[in-house]
$ cat input.pdb   # PDB, C-alpha atoms and all ligand atoms
ATOM      1  CA  MET A   1      27.832 -14.175  21.493
ATOM      2  CA  SER A   2      29.780 -16.930  23.318
ATOM      3  CA  GLN A   3      29.452 -20.597  22.322
ATOM      4  CA  THR A   4      27.612 -21.403  25.568
ATOM      5  CA  HIS A   5      25.235 -18.515  25.076
ATOM      6  CA  LEU A   6      24.516 -19.597  21.480
ATOM      7  CA  LEU A   7      23.786 -23.164  22.572
ATOM      8  CA  ASP A   8      21.579 -22.010  25.450
ATOM      9  CA  SER A   9      19.522 -19.879  23.047
ATOM     10  CA  VAL A  10      18.695 -22.762  20.640
ATOM     11  CA  PRO A  11      14.875 -23.084  20.500
ATOM     12  CA  ARG A  12      13.023 -26.232  21.631
ATOM     13  CA  ARG A  13       9.922 -26.367  19.497
ATOM     14  CA  GLN A  14       7.048 -28.463  20.828
ATOM     15  CA  VAL A  15       5.286 -30.214  17.957
ATOM     16  CA  ASN A  16       1.932 -32.017  17.984
ATOM     17  CA  PHE A  17       2.280 -35.148  15.814
ATOM     18  CA  ASN A  18      -1.403 -36.058  16.373
ATOM     19  CA  LEU A  19      -2.691 -33.325  14.045
ATOM     20  CA  ASP A  20      -1.652 -35.230  10.910
ATOM     21  CA  SER A  21      -4.283 -37.133   8.899
ATOM     22  CA  PRO A  22      -4.348 -39.382   5.808
ATOM     23  CA  GLU A  23      -5.616 -36.353   3.798
ATOM     24  CA  LEU A  24      -2.762 -34.054   4.927
ATOM     25  CA  ALA A  25      -0.250 -36.809   4.186
ATOM     26  CA  GLU A  26      -1.660 -37.376   0.652
ATOM     27  CA  THR A  27      -1.661 -33.613   0.061
ATOM     28  CA  TYR A  28       1.981 -33.385   1.127
ATOM     29  CA  ASP A  29       2.916 -36.151  -1.293
ATOM     30  CA  ARG A  30       1.413 -33.969  -4.080
ATOM     31  CA  VAL A  31       2.619 -30.481  -3.086
ATOM     32  CA  GLY A  32       5.899 -31.438  -1.324
ATOM     33  CA  VAL A  33       7.646 -31.051  -4.673
ATOM     34  CA  ARG A  34       9.052 -27.757  -3.256
ATOM     35  CA  GLN A  35      10.938 -29.638  -0.548
ATOM     36  CA  PHE A  36      11.895 -32.313  -3.088
ATOM     37  CA  ASN A  37      13.448 -29.686  -5.375
ATOM     38  CA  HIS A  38      15.611 -28.061  -2.700
ATOM     39  CA  GLY A  39      16.331 -31.535  -1.290
ATOM     40  CA  LYS A  40      18.058 -32.337  -4.572
ATOM     41  CA  GLN A  41      20.505 -29.487  -3.807
ATOM     42  CA  LEU A  42      21.274 -31.068  -0.419
ATOM     43  CA  ILE A  43      21.818 -34.463  -2.044
ATOM     44  CA  ALA A  44      24.131 -32.900  -4.664
ATOM     45  CA  ASP A  45      26.212 -31.457  -1.780
ATOM     46  CA  LEU A  46      26.436 -34.906  -0.127
ATOM     47  CA  ASP A  47      27.005 -36.798  -3.399
ATOM     48  CA  PRO A  48      25.901 -40.297  -2.251
ATOM     49  CA  GLN A  49      27.619 -43.093  -4.175
ATOM     50  CA  PRO A  50      26.432 -46.542  -5.307
ATOM     51  CA  GLY A  51      26.780 -48.997  -2.413
ATOM     52  CA  GLU A  52      26.531 -46.394   0.384
ATOM     53  CA  GLN A  53      24.244 -46.777   3.420
ATOM     54  CA  VAL A  54      22.072 -43.695   3.911
ATOM     55  CA  LEU A  55      19.712 -42.550   6.692
ATOM     56  CA  ASP A  56      16.928 -40.083   5.757
ATOM     57  CA  ILE A  57      15.619 -38.566   9.013
ATOM     58  CA  GLY A  58      12.107 -37.100   8.729
ATOM     59  CA  SER A  59      11.609 -38.897   5.417
ATOM     60  CA  GLY A  60       7.968 -37.758   5.110
ATOM     61  CA  THR A  61       6.188 -39.432   2.187
ATOM     62  CA  GLY A  62       9.496 -40.634   0.731
ATOM     63  CA  LEU A  63       9.826 -38.295  -2.260
ATOM     64  CA  LEU A  64      13.532 -37.647  -1.665
ATOM     65  CA  GLY A  65      14.326 -41.053  -0.128
ATOM     66  CA  ALA A  66      13.187 -42.876  -3.285
ATOM     67  CA  TYR A  67      15.364 -40.534  -5.382
ATOM     68  CA  VAL A  68      18.444 -41.200  -3.215
ATOM     69  CA  ALA A  69      17.742 -44.967  -3.232
ATOM     70  CA  GLU A  70      18.198 -44.921  -7.014
ATOM     71  CA  LYS A  71      21.524 -43.106  -6.639
ATOM     72  CA  VAL A  72      22.982 -45.689  -4.223
ATOM     73  CA  SER A  73      21.570 -48.763  -6.010
ATOM     74  CA  PRO A  74      22.066 -51.604  -6.590
ATOM     75  CA  ASN A  75      23.967 -52.418  -3.376
ATOM     76  CA  GLY A  76      23.379 -49.287  -1.291
ATOM     77  CA  ARG A  77      20.305 -48.790   0.924
ATOM     78  CA  VAL A  78      18.300 -45.852   2.202
ATOM     79  CA  PHE A  79      16.550 -46.141   5.576
ATOM     80  CA  GLY A  80      13.883 -43.520   6.271
ATOM     81  CA  ILE A  81      12.350 -42.666   9.639
ATOM     82  CA  ASP A  82       9.489 -40.308  10.412
ATOM     83  CA  PRO A  83       7.215 -39.825  13.452
ATOM     84  CA  LEU A  84       4.055 -39.670  11.282
ATOM     85  CA  PRO A  85       2.639 -43.144  10.480
ATOM     86  CA  HIS A  86       0.400 -41.905   7.607
ATOM     87  CA  ARG A  87       3.485 -40.526   5.828
ATOM     88  CA  VAL A  88       5.534 -43.649   6.533
ATOM     89  CA  ASP A  89       2.717 -45.690   4.885
ATOM     90  CA  ILE A  90       2.876 -43.582   1.714
ATOM     91  CA  ALA A  91       6.685 -43.782   1.617
ATOM     92  CA  ALA A  92       6.517 -47.586   2.006
ATOM     93  CA  ARG A  93       4.254 -47.726  -1.067
ATOM     94  CA  LYS A  94       6.907 -46.006  -3.242
ATOM     95  CA  GLY A  95       8.035 -49.554  -4.072
ATOM     96  CA  GLN A  96      11.771 -48.857  -4.195
ATOM     97  CA  PRO A  97      13.367 -52.182  -3.152
ATOM     98  CA  ASN A  98      16.385 -50.581  -1.426
ATOM     99  CA  PHE A  99      14.331 -47.921   0.430
ATOM    100  CA  GLU A 100      13.002 -49.050   3.834
ATOM    101  CA  VAL A 101      10.915 -46.829   6.127
ATOM    102  CA  HIS A 102       9.996 -46.971   9.809
ATOM    103  CA  VAL A 103       8.253 -44.792  12.376
ATOM    104  CA  GLY A 104      10.885 -43.013  14.472
ATOM    105  CA  ARG A 105      12.305 -39.704  15.634
ATOM    106  CA  ALA A 106      15.667 -37.997  15.222
ATOM    107  CA  GLU A 107      16.181 -37.901  18.989
ATOM    108  CA  ASP A 108      16.093 -41.718  19.283
ATOM    109  CA  LEU A 109      18.011 -43.707  16.668
ATOM    110  CA  SER A 110      18.332 -46.771  18.924
ATOM    111  CA  GLN A 111      16.953 -48.974  16.125
ATOM    112  CA  PHE A 112      20.292 -48.388  14.311
ATOM    113  CA  ALA A 113      23.752 -49.652  15.314
ATOM    114  CA  SER A 114      26.659 -47.254  15.950
ATOM    115  CA  ASN A 115      28.978 -46.507  12.991
ATOM    116  CA  SER A 116      26.529 -47.861  10.392
ATOM    117  CA  PHE A 117      25.824 -45.028   7.892
ATOM    118  CA  ASP A 118      27.955 -43.295   5.250
ATOM    119  CA  VAL A 119      25.454 -40.434   4.915
ATOM    120  CA  VAL A 120      22.735 -39.018   7.174
ATOM    121  CA  TYR A 121      20.495 -36.182   5.978
ATOM    122  CA  LEU A 122      17.488 -34.157   7.161
ATOM    123  CA  ASN A 123      15.646 -32.230   4.451
ATOM    124  CA  SER A 124      13.318 -29.522   5.809
ATOM    125  CA  VAL A 125      13.190 -31.323   9.144
ATOM    126  CA  PHE A 126      15.714 -29.776  11.569
ATOM    127  CA  HIS A 127      13.503 -26.775  12.504
ATOM    128  CA  TRP A 128      10.856 -29.290  13.670
ATOM    129  CA  VAL A 129      13.210 -31.330  15.874
ATOM    130  CA  GLU A 130      12.478 -30.536  19.510
ATOM    131  CA  ASP A 131      15.761 -31.648  21.108
ATOM    132  CA  LYS A 132      18.407 -30.681  18.556
ATOM    133  CA  PRO A 133      21.545 -31.507  20.645
ATOM    134  CA  LYS A 134      20.154 -34.995  21.390
ATOM    135  CA  ALA A 135      19.363 -35.601  17.707
ATOM    136  CA  LEU A 136      22.880 -34.528  16.651
ATOM    137  CA  ALA A 137      24.463 -36.787  19.293
ATOM    138  CA  GLU A 138      22.465 -39.724  17.907
ATOM    139  CA  ILE A 139      23.409 -38.854  14.301
ATOM    140  CA  PHE A 140      27.080 -38.655  15.306
ATOM    141  CA  ARG A 141      26.792 -42.111  16.904
ATOM    142  CA  VAL A 142      25.229 -43.850  13.887
ATOM    143  CA  LEU A 143      27.561 -42.277  11.292
ATOM    144  CA  LYS A 144      30.686 -44.220  10.345
ATOM    145  CA  PRO A 145      33.975 -42.379  10.975
ATOM    146  CA  GLY A 146      34.373 -40.077   7.958
ATOM    147  CA  GLY A 147      30.588 -40.218   7.296
ATOM    148  CA  ARG A 148      28.747 -37.140   6.043
ATOM    149  CA  LEU A 149      25.868 -35.174   7.571
ATOM    150  CA  GLY A 150      23.735 -32.794   5.499
ATOM    151  CA  LEU A 151      20.731 -30.782   6.567
ATOM    152  CA  ASN A 152      18.782 -27.664   5.864
ATOM    153  CA  SER A 153      16.791 -25.585   8.306
ATOM    154  CA  GLY A 154      14.609 -22.512   8.445
ATOM    155  CA  ASP A 155      16.715 -19.431   9.150
ATOM    156  CA  ALA A 156      15.598 -17.725  12.387
ATOM    157  CA  GLU A 157      16.878 -14.419  11.031
ATOM    158  CA  ARG A 158      14.996 -14.555   7.675
ATOM    159  CA  PRO A 159      11.395 -15.828   7.737
ATOM    160  CA  HIS A 160      10.055 -17.101   4.402
ATOM    161  CA  GLN A 161       8.050 -14.489   2.479
ATOM    162  CA  SER A 162       5.076 -16.899   2.637
ATOM    163  CA  ALA A 163       5.188 -16.952   6.467
ATOM    164  CA  THR A 164       4.991 -13.159   6.653
ATOM    165  CA  LEU A 165       2.200 -13.097   4.052
ATOM    166  CA  LEU A 166       0.151 -15.730   5.891
ATOM    167  CA  ARG A 167       0.355 -13.725   9.109
ATOM    168  CA  ASP A 168      -0.517 -10.429   7.355
ATOM    169  CA  ALA A 169      -3.462 -12.069   5.557
ATOM    170  CA  ALA A 170      -4.770 -13.439   8.878
ATOM    171  CA  ASP A 171      -4.603  -9.915  10.335
ATOM    172  CA  ALA A 172      -6.378  -8.431   7.331
ATOM    173  CA  ALA A 173      -9.106 -11.110   7.495
ATOM    174  CA  GLY A 174      -9.697 -10.505  11.227
ATOM    175  CA  ILE A 175      -8.724 -14.071  12.234
ATOM    176  CA  PRO A 176      -8.721 -14.410  16.055
ATOM    177  CA  ALA A 177      -5.221 -14.198  17.599
ATOM    178  CA  ASP A 178      -5.234 -17.794  18.907
ATOM    179  CA  LYS A 179      -5.706 -19.144  15.346
ATOM    180  CA  GLN A 180      -3.148 -16.871  13.678
ATOM    181  CA  PRO A 181      -0.020 -18.250  12.044
ATOM    182  CA  HIS A 182       3.209 -17.152  13.732
ATOM    183  CA  GLY A 183       4.855 -15.500  10.741
ATOM    184  CA  ARG A 184       8.052 -17.489  11.288
ATOM    185  CA  GLN A 185       9.187 -21.060  11.896
ATOM    186  CA  LEU A 186       9.249 -21.503  15.649
ATOM    187  CA  GLY A 187      12.103 -24.028  15.773
ATOM    188  CA  ALA A 188      14.306 -22.271  13.212
ATOM    189  CA  VAL A 189      17.936 -21.518  14.127
ATOM    190  CA  SER A 190      20.442 -18.872  13.049
ATOM    191  CA  ASN A 191      23.619 -19.711  11.113
ATOM    192  CA  ALA A 192      25.651 -19.087  14.288
ATOM    193  CA  GLN A 193      23.422 -21.335  16.439
ATOM    194  CA  LEU A 194      23.561 -24.126  13.860
ATOM    195  CA  GLN A 195      27.345 -24.008  13.585
ATOM    196  CA  ALA A 196      27.641 -24.017  17.394
ATOM    197  CA  LEU A 197      25.365 -27.083  17.608
ATOM    198  CA  ILE A 198      27.269 -28.996  14.927
ATOM    199  CA  ASP A 199      30.661 -28.139  16.468
ATOM    200  CA  ALA A 200      29.476 -29.082  19.974
ATOM    201  CA  ALA A 201      28.305 -32.493  18.670
ATOM    202  CA  GLY A 202      31.883 -33.225  17.505
ATOM    203  CA  PHE A 203      31.565 -32.820  13.726
ATOM    204  CA  SER A 204      34.327 -31.346  11.534
ATOM    205  CA  ASP A 205      34.523 -29.811   8.037
ATOM    206  CA  TYR A 206      31.510 -27.528   8.584
ATOM    207  CA  ARG A 207      30.251 -25.798   5.447
ATOM    208  CA  GLY A 208      27.098 -23.744   5.594
ATOM    209  CA  GLY A 209      25.116 -20.665   4.671
ATOM    210  CA  THR A 210      21.655 -19.388   3.812
ATOM    211  CA  ARG A 211      20.288 -20.025   0.319
ATOM    212  CA  THR A 212      17.311 -18.339  -1.337
ATOM    213  CA  ILE A 213      14.774 -20.635  -2.983
ATOM    214  CA  VAL A 214      12.205 -19.095  -5.328
ATOM    215  CA  ASP A 215       8.815 -20.826  -5.636
ATOM    216  CA  THR A 216       6.039 -20.182  -8.133
ATOM    217  CA  VAL A 217       2.696 -19.994  -6.319
ATOM    218  CA  PRO A 218      -0.294 -20.538  -8.640
ATOM    219  CA  HIS A 219      -2.887 -19.243  -6.147
ATOM    220  CA  ALA A 220      -3.705 -18.817  -2.440
ATOM    221  CA  GLN A 221      -5.259 -22.302  -2.131
ATOM    222  CA  ASP A 222      -1.968 -23.906  -3.233
ATOM    223  CA  LEU A 223      -0.020 -21.974  -0.578
ATOM    224  CA  LEU A 224      -2.533 -22.976   2.102
ATOM    225  CA  GLU A 225      -2.367 -26.665   1.156
ATOM    226  CA  TRP A 226       1.433 -26.532   1.184
ATOM    227  CA  SER A 227       1.593 -24.750   4.520
ATOM    228  CA  ARG A 228      -0.911 -27.057   6.270
ATOM    229  CA  SER A 229       0.474 -30.322   4.907
ATOM    230  CA  SER A 230       4.156 -29.364   5.371
ATOM    231  CA  SER A 231       3.489 -28.560   9.020
ATOM    232  CA  PHE A 232       1.237 -31.656   9.503
ATOM    233  CA  GLY A 233      -1.432 -29.308  10.899
ATOM    234  CA  ASN A 234       0.897 -27.317  13.203
ATOM    235  CA  SER A 235       1.210 -23.963  11.424
ATOM    236  CA  LEU A 236      -2.360 -22.730  10.919
ATOM    237  CA  GLY A 237      -5.232 -23.026  13.390
ATOM    238  CA  LYS A 238      -8.535 -24.589  12.325
ATOM    239  CA  PHE A 239     -10.649 -21.849  10.718
ATOM    240  CA  ASP A 240     -14.416 -22.003  10.433
ATOM    241  CA  PRO A 241     -15.773 -21.828   6.840
ATOM    242  CA  SER A 242     -16.338 -18.040   6.835
ATOM    243  CA  GLU A 243     -12.873 -17.379   8.330
ATOM    244  CA  GLU A 244     -11.387 -19.692   5.709
ATOM    245  CA  THR A 245     -13.071 -17.808   2.844
ATOM    246  CA  ARG A 246     -11.997 -14.389   4.216
ATOM    247  CA  PHE A 247      -8.477 -15.623   4.864
ATOM    248  CA  ARG A 248      -8.047 -17.137   1.390
ATOM    249  CA  GLY A 249      -9.368 -13.913  -0.229
ATOM    250  CA  ALA A 250      -7.000 -11.710   1.819
ATOM    251  CA  LEU A 251      -4.082 -14.011   0.986
ATOM    252  CA  GLN A 252      -4.859 -13.939  -2.747
ATOM    253  CA  THR A 253      -4.922 -10.105  -2.645
ATOM    254  CA  LYS A 254      -1.537 -10.002  -0.882
ATOM    255  CA  LEU A 255      -0.063 -12.571  -3.276
ATOM    256  CA  GLU A 256      -0.969 -10.405  -6.294
ATOM    257  CA  ALA A 257       1.652  -7.853  -5.148
ATOM    258  CA  TYR A 258       4.297 -10.518  -5.914
ATOM    259  CA  ARG A 259       3.065 -11.273  -9.452
ATOM    260  CA  LYS A 260       5.729 -11.117 -12.174
ATOM    261  CA  PRO A 261       5.372 -11.984 -15.894
ATOM    262  CA  GLU A 262       6.385 -15.603 -14.992
ATOM    263  CA  GLY A 263       3.755 -15.898 -12.214
ATOM    264  CA  ILE A 264       3.576 -15.186  -8.460
ATOM    265  CA  LEU A 265       7.105 -15.688  -7.100
ATOM    266  CA  LEU A 266       7.891 -16.054  -3.383
ATOM    267  CA  GLU A 267      11.290 -16.437  -1.745
ATOM    268  CA  ARG A 268      12.141 -18.953   0.976
ATOM    269  CA  TYR A 269      15.394 -18.855   2.965
ATOM    270  CA  LEU A 270      17.053 -22.036   4.184
ATOM    271  CA  ILE A 271      20.385 -22.650   5.870
ATOM    272  CA  PHE A 272      22.140 -25.576   4.144
ATOM    273  CA  ILE A 273      25.037 -27.277   5.933
ATOM    274  CA  THR A 274      27.288 -30.267   5.484
ATOM    275  CA  ALA A 275      29.765 -31.661   8.033
ATOM    276  CA  ARG A 276      31.701 -34.876   8.730
ATOM    277  CA  LYS A 277      32.259 -37.247  11.625
ATOM    278  CA  PRO A 278      36.066 -37.149  12.067
ATOM    279  CA  ARG A 279      37.869 -40.329  11.012
ATOM    280  CA  ALA A 280      39.625 -40.755  14.354
ATOM    281  CA  SER A 281      37.063 -40.122  17.084
TER     282      SER A 281
HETATM  283  C1  LIG B 301       8.325 -30.653   5.694
HETATM  284  S1  LIG B 301       8.358 -32.358   6.033
HETATM  285  C2  LIG B 301       9.790 -32.889   5.086
HETATM  286  C3  LIG B 301       9.659 -34.326   4.649
HETATM  287  C4  LIG B 301      10.793 -34.844   3.759
HETATM  288  N1  LIG B 301      12.077 -34.755   4.413
HETATM  289  C5  LIG B 301      10.835 -34.161   2.409
HETATM  290  O1  LIG B 301      11.900 -33.678   2.026
HETATM  291  O2  LIG B 301       9.789 -34.135   1.727
HETATM  292  C6  LIG B 301       8.975 -32.412   7.701
HETATM  293  C7  LIG B 301       9.030 -33.826   8.261
HETATM  294  O3  LIG B 301       9.797 -33.806   9.482
HETATM  295  C8  LIG B 301       9.265 -34.803  10.322
HETATM  296  N2  LIG B 301       9.695 -34.569  11.710
HETATM  297  C9  LIG B 301       9.242 -33.657  12.587
HETATM  298  N3  LIG B 301       9.869 -33.779  13.774
HETATM  299  C10 LIG B 301      10.739 -34.802  13.650
HETATM  300  C11 LIG B 301      11.673 -35.438  14.533
HETATM  301  N4  LIG B 301      11.827 -35.028  15.788
HETATM  302  N5  LIG B 301      12.393 -36.474  14.056
HETATM  303  C12 LIG B 301      12.239 -36.904  12.782
HETATM  304  N6  LIG B 301      11.375 -36.337  11.903
HETATM  305  C13 LIG B 301      10.637 -35.312  12.336
HETATM  306  C14 LIG B 301       7.773 -34.662  10.108
HETATM  307  O4  LIG B 301       7.068 -35.779  10.561
HETATM  308  C15 LIG B 301       7.677 -34.404   8.602
HETATM  309  O5  LIG B 301       7.455 -35.582   7.866
END

$ encode --input "input.pdb" --output "structure tokens" --more "lines below"
Ligand SMILES: C[S@@+](CC[C@H](N)C(=O)[O-])C[C@H]1O[C@@H](n2cnc3c(N)ncnc32)[C@H](O)[C@@H]1O
Amino acid sequence: MSQTHLLDSVPRRQVNFNLDSPELAETYDRVGVRQFNHGKQLIADLDPQPGEQVLDIGSGTGLLGAYVAEKVSPNGRVFGIDPLPHRVDIAARKGQPNFEVHVGRAEDLSQFASNSFDVVYLNSVFHWVEDKPKALAEIFRVLKPGGRLGLNSGDAERPHQSATLLRDAADAAGIPADKQPHGRQLGAVSNAQLQALIDAAGFSDYRGGTRTIVDTVPHAQDLLEWSRSSSFGNSLGKFDPSEETRFRGALQTKLEAYRKPEGILLERYLIFITARKPRAS
């Protein structure tokens, strides 16, 4: 596929930020440990150093931002932005003195000066970003020459096992079509689309590929809480109580097929990339 064709085929996912609630945000702060764990891989790739200025885009409840703030202390700072005020509130309460959070979106970084960050990262955020070229242009602007970008994204060619299971369970439970989960992440990109986007934005030193993350799922309720809170209400429709009971039962039955001696294990697939803003640009 040509570069133009790849760029033209990049999805624009419309997201409703008004479906979040204080309860979903608190739940995410508890169960978002999955994103925190793979986020640590992204941070290892970027290797932030003491004294560096870091921007965490889509910082959620601040689990990873607080971790990175410790790495760059005492003189470095992490700025987090997220469109969801309930999550920004929780992140602000993390109490890390060099971690500052604001409401904001990847597509508009006008609150930050050009050439101001050593590192910009998005952990489990890029598939949610509606206008990906605009976000990358903004990231390029705020990075210092030589600054590093790291992100991970759902892989359009490999839906998570949980996404397929949620859709199959909804079918088995007779959930009406308009409330069914999609079975894939709607804004996810392929490796080729992501590389085309990063190249078109002017970055160099592209390194990327899909990684498999294995999660232990204690029971269906845990997977439902994770899915609803990670998508701030966007991935599953509102079920009535009897639909919810049927759905949870069908999901638990399907999950049992994945039980191993260590527990129920599900694979997720994420594209991880790093790139740089060229020194002379
Ligand atoms: C699965 S959470 C990940 C949160 C955090 N990065 C972590 O590792 O725990 C996805 C986050 O992306 C944020 N998000 C969605 N669209 C965004 C956009 N256009 N710009 C910035 N953040 C966005 C959501 O508000 C949500 O907090």

$ resolve_selection --input "input.pdb" --expression "the PyMOL selection byres (((not hetatm)) within 6 of (chain B and resi 301))" --output "list in words"
Gly32, Gln35, Phe36, Gly39, Ile57, Gly58, Ser59, Gly60, Leu63, Leu64, Asp82, Pro83, Leu84, Arg105, Ala106, Asn123, Ser124, Val125, Trp128, Val129, Glu130 and Ser230 of chain A

$ write_last_selection --input "input.pdb" --atoms "C-alpha atoms" --output "JSON list (two decimals), keeping the file's coordinate frame"
[["chain", "number", "residue", "atom", "x", "y", "z"],
["A", 32, "GLY", "CA", 5.90, -31.44, -1.32],
["A", 35, "GLN", "CA", 10.94, -29.64, -0.55],
["A", 36, "PHE", "CA", 11.90, -32.31, -3.09],
["A", 39, "GLY", "CA", 16.33, -31.54, -1.29],
["A", 57, "ILE", "CA", 15.62, -38.57, 9.01],
["A", 58, "GLY", "CA", 12.11, -37.10, 8.73],
["A", 59, "SER", "CA", 11.61, -38.90, 5.42],
["A", 60, "GLY", "CA", 7.97, -37.76, 5.11],
["A", 63, "LEU", "CA", 9.83, -38.30, -2.26],
["A", 64, "LEU", "CA", 13.53, -37.65, -1.66],
["A", 82, "ASP", "CA", 9.49, -40.31, 10.41],
["A", 83, "PRO", "CA", 7.22, -39.83, 13.45],
["A", 84, "LEU", "CA", 4.06, -39.67, 11.28],
["A", 105, "ARG", "CA", 12.30, -39.70, 15.63],
["A", 106, "ALA", "CA", 15.67, -38.00, 15.22],
["A", 123, "ASN", "CA", 15.65, -32.23, 4.45],
["A", 124, "SER", "CA", 13.32, -29.52, 5.81],
["A", 125, "VAL", "CA", 13.19, -31.32, 9.14],
["A", 128, "TRP", "CA", 10.86, -29.29, 13.67],
["A", 129, "VAL", "CA", 13.21, -31.33, 15.87],
["A", 130, "GLU", "CA", 12.48, -30.54, 19.51],
["A", 230, "SER", "CA", 4.16, -29.36, 5.37]]

$ residues_near_point --input "input.pdb" --point "(28.0, -40.9, 2.5)" --cutoff "9 Å" --atoms "only C-alpha atoms" --output "compact mmCIF listing (two decimals) with C-alpha atoms, in the coordinates of the input"
# COMPACT_ATOMS: atom_id res chain seq x y z
CA LEU A 46 26.44 -34.91 -0.13
CA ASP A 47 27.00 -36.80 -3.40
CA PRO A 48 25.90 -40.30 -2.25
CA GLN A 49 27.62 -43.09 -4.18
CA GLU A 52 26.53 -46.39 0.38
CA GLN A 53 24.24 -46.78 3.42
CA VAL A 54 22.07 -43.70 3.91
CA PHE A 117 25.82 -45.03 7.89
CA ASP A 118 27.96 -43.30 5.25
CA VAL A 119 25.45 -40.43 4.92
CA VAL A 120 22.74 -39.02 7.17
CA LEU A 143 27.56 -42.28 11.29
CA LYS A 144 30.69 -44.22 10.34
CA GLY A 146 34.37 -40.08 7.96
CA GLY A 147 30.59 -40.22 7.30
CA ARG A 148 28.75 -37.14 6.04
CA LEU A 149 25.87 -35.17 7.57

$ closest_residue --input "input.pdb" --among "A:Asp222, A:Asp199, A:Glu100, A:Asp89" --to "Val68 in chain A" --atoms "all atoms listed in the file"
A:Glu100

$ closest_residue --input "input.pdb" --among "A:Leu224, A:Ser153, A:Tyr121, A:Lys132" --to "Asp108 in chain A" --atoms "only C-alpha atoms"
A:Lys132

$ atom_distance --input "input.pdb" --atom1 "CA of Arg184 in chain A" --atom2 "CA of Ser162 in chain A"
9.2 Å

$ residues_around --input "input.pdb" --residues "Ile198 in chain A" --least-positions-apart "4" --cutoff "10 Å" --atoms "only C-alpha atoms" --output "PyMOL selection string"
chain A and resi 132-133+136-137+140+149+193-194+202-204+206+273-276

$ write_last_selection --input "input.pdb" --atoms "C-alpha atoms" --output "compact mmCIF listing (two decimals), in the frame of the given file"
# COMPACT_ATOMS: atom_id res chain seq x y z
CA LYS A 132 18.41 -30.68 18.56
CA PRO A 133 21.54 -31.51 20.64
CA LEU A 136 22.88 -34.53 16.65
CA ALA A 137 24.46 -36.79 19.29
CA PHE A 140 27.08 -38.66 15.31
CA LEU A 149 25.87 -35.17 7.57
CA GLN A 193 23.42 -21.34 16.44
CA LEU A 194 23.56 -24.13 13.86
CA GLY A 202 31.88 -33.22 17.50
CA PHE A 203 31.56 -32.82 13.73
CA SER A 204 34.33 -31.35 11.53
CA TYR A 206 31.51 -27.53 8.58
CA ILE A 273 25.04 -27.28 5.93
CA THR A 274 27.29 -30.27 5.48
CA ALA A 275 29.76 -31.66 8.03
CA ARG A 276 31.70 -34.88 8.73

$ resolve_selection --input "input.pdb" --expression "the PyMOL selection byres (((chain A and resi 90) around 10) and not hetatm)" --output "list in words"
Pro22, Ala25, Glu26, Asp29, Gly60, Thr61, Gly62, Leu63, Pro85, His86, Arg87, Val88, Asp89, Ala91, Ala92, Arg93, Lys94, Gly95 and Val101 of chain A

$ build_atoms --input "input.pdb" --residues "range 270-278 of chain A" --atoms "N, CA, C and O atoms" --output "short mmCIF file (atom, residue, chain, number, x, y, z; two decimals), keeping the file's coordinate frame"
data_model
loop_
_atom_site.label_atom_id
_atom_site.label_comp_id
_atom_site.auth_asym_id
_atom_site.auth_seq_id
_atom_site.Cartn_x
_atom_site.Cartn_y
_atom_site.Cartn_z
N LEU A 270 16.68 -20.84 3.42
CA LEU A 270 17.05 -22.04 4.18
C LEU A 270 18.56 -22.07 4.39
O LEU A 270 19.32 -21.79 3.46
N ILE A 271 18.96 -22.42 5.60
CA ILE A 271 20.39 -22.65 5.87
C ILE A 271 20.71 -24.08 5.45
O ILE A 271 20.03 -25.02 5.89
N PHE A 272 21.67 -24.24 4.56
CA PHE A 272 22.14 -25.58 4.14
C PHE A 272 23.50 -25.80 4.78
O PHE A 272 24.38 -24.93 4.68
N ILE A 273 23.71 -26.98 5.40
CA ILE A 273 25.04 -27.28 5.93
C ILE A 273 25.45 -28.71 5.60
O ILE A 273 24.60 -29.59 5.41
N THR A 274 26.74 -28.91 5.49
CA THR A 274 27.29 -30.27 5.48
C THR A 274 28.42 -30.29 6.52
O THR A 274 29.04 -29.25 6.81
N ALA A 275 28.67 -31.48 7.07
CA ALA A 275 29.76 -31.66 8.03
C ALA A 275 30.13 -33.14 8.03
O ALA A 275 29.43 -33.96 7.39
N ARG A 276 31.21 -33.49 8.71
CA ARG A 276 31.70 -34.88 8.73
C ARG A 276 31.94 -35.35 10.15
O ARG A 276 32.31 -34.55 11.01
N LYS A 277 31.77 -36.66 10.37
CA LYS A 277 32.26 -37.25 11.62
C LYS A 277 33.76 -37.50 11.42
O LYS A 277 34.14 -38.15 10.43
N PRO A 278 34.62 -36.96 12.29
CA PRO A 278 36.07 -37.15 12.07
C PRO A 278 36.42 -38.62 11.97
O PRO A 278 35.77 -39.47 12.58
#
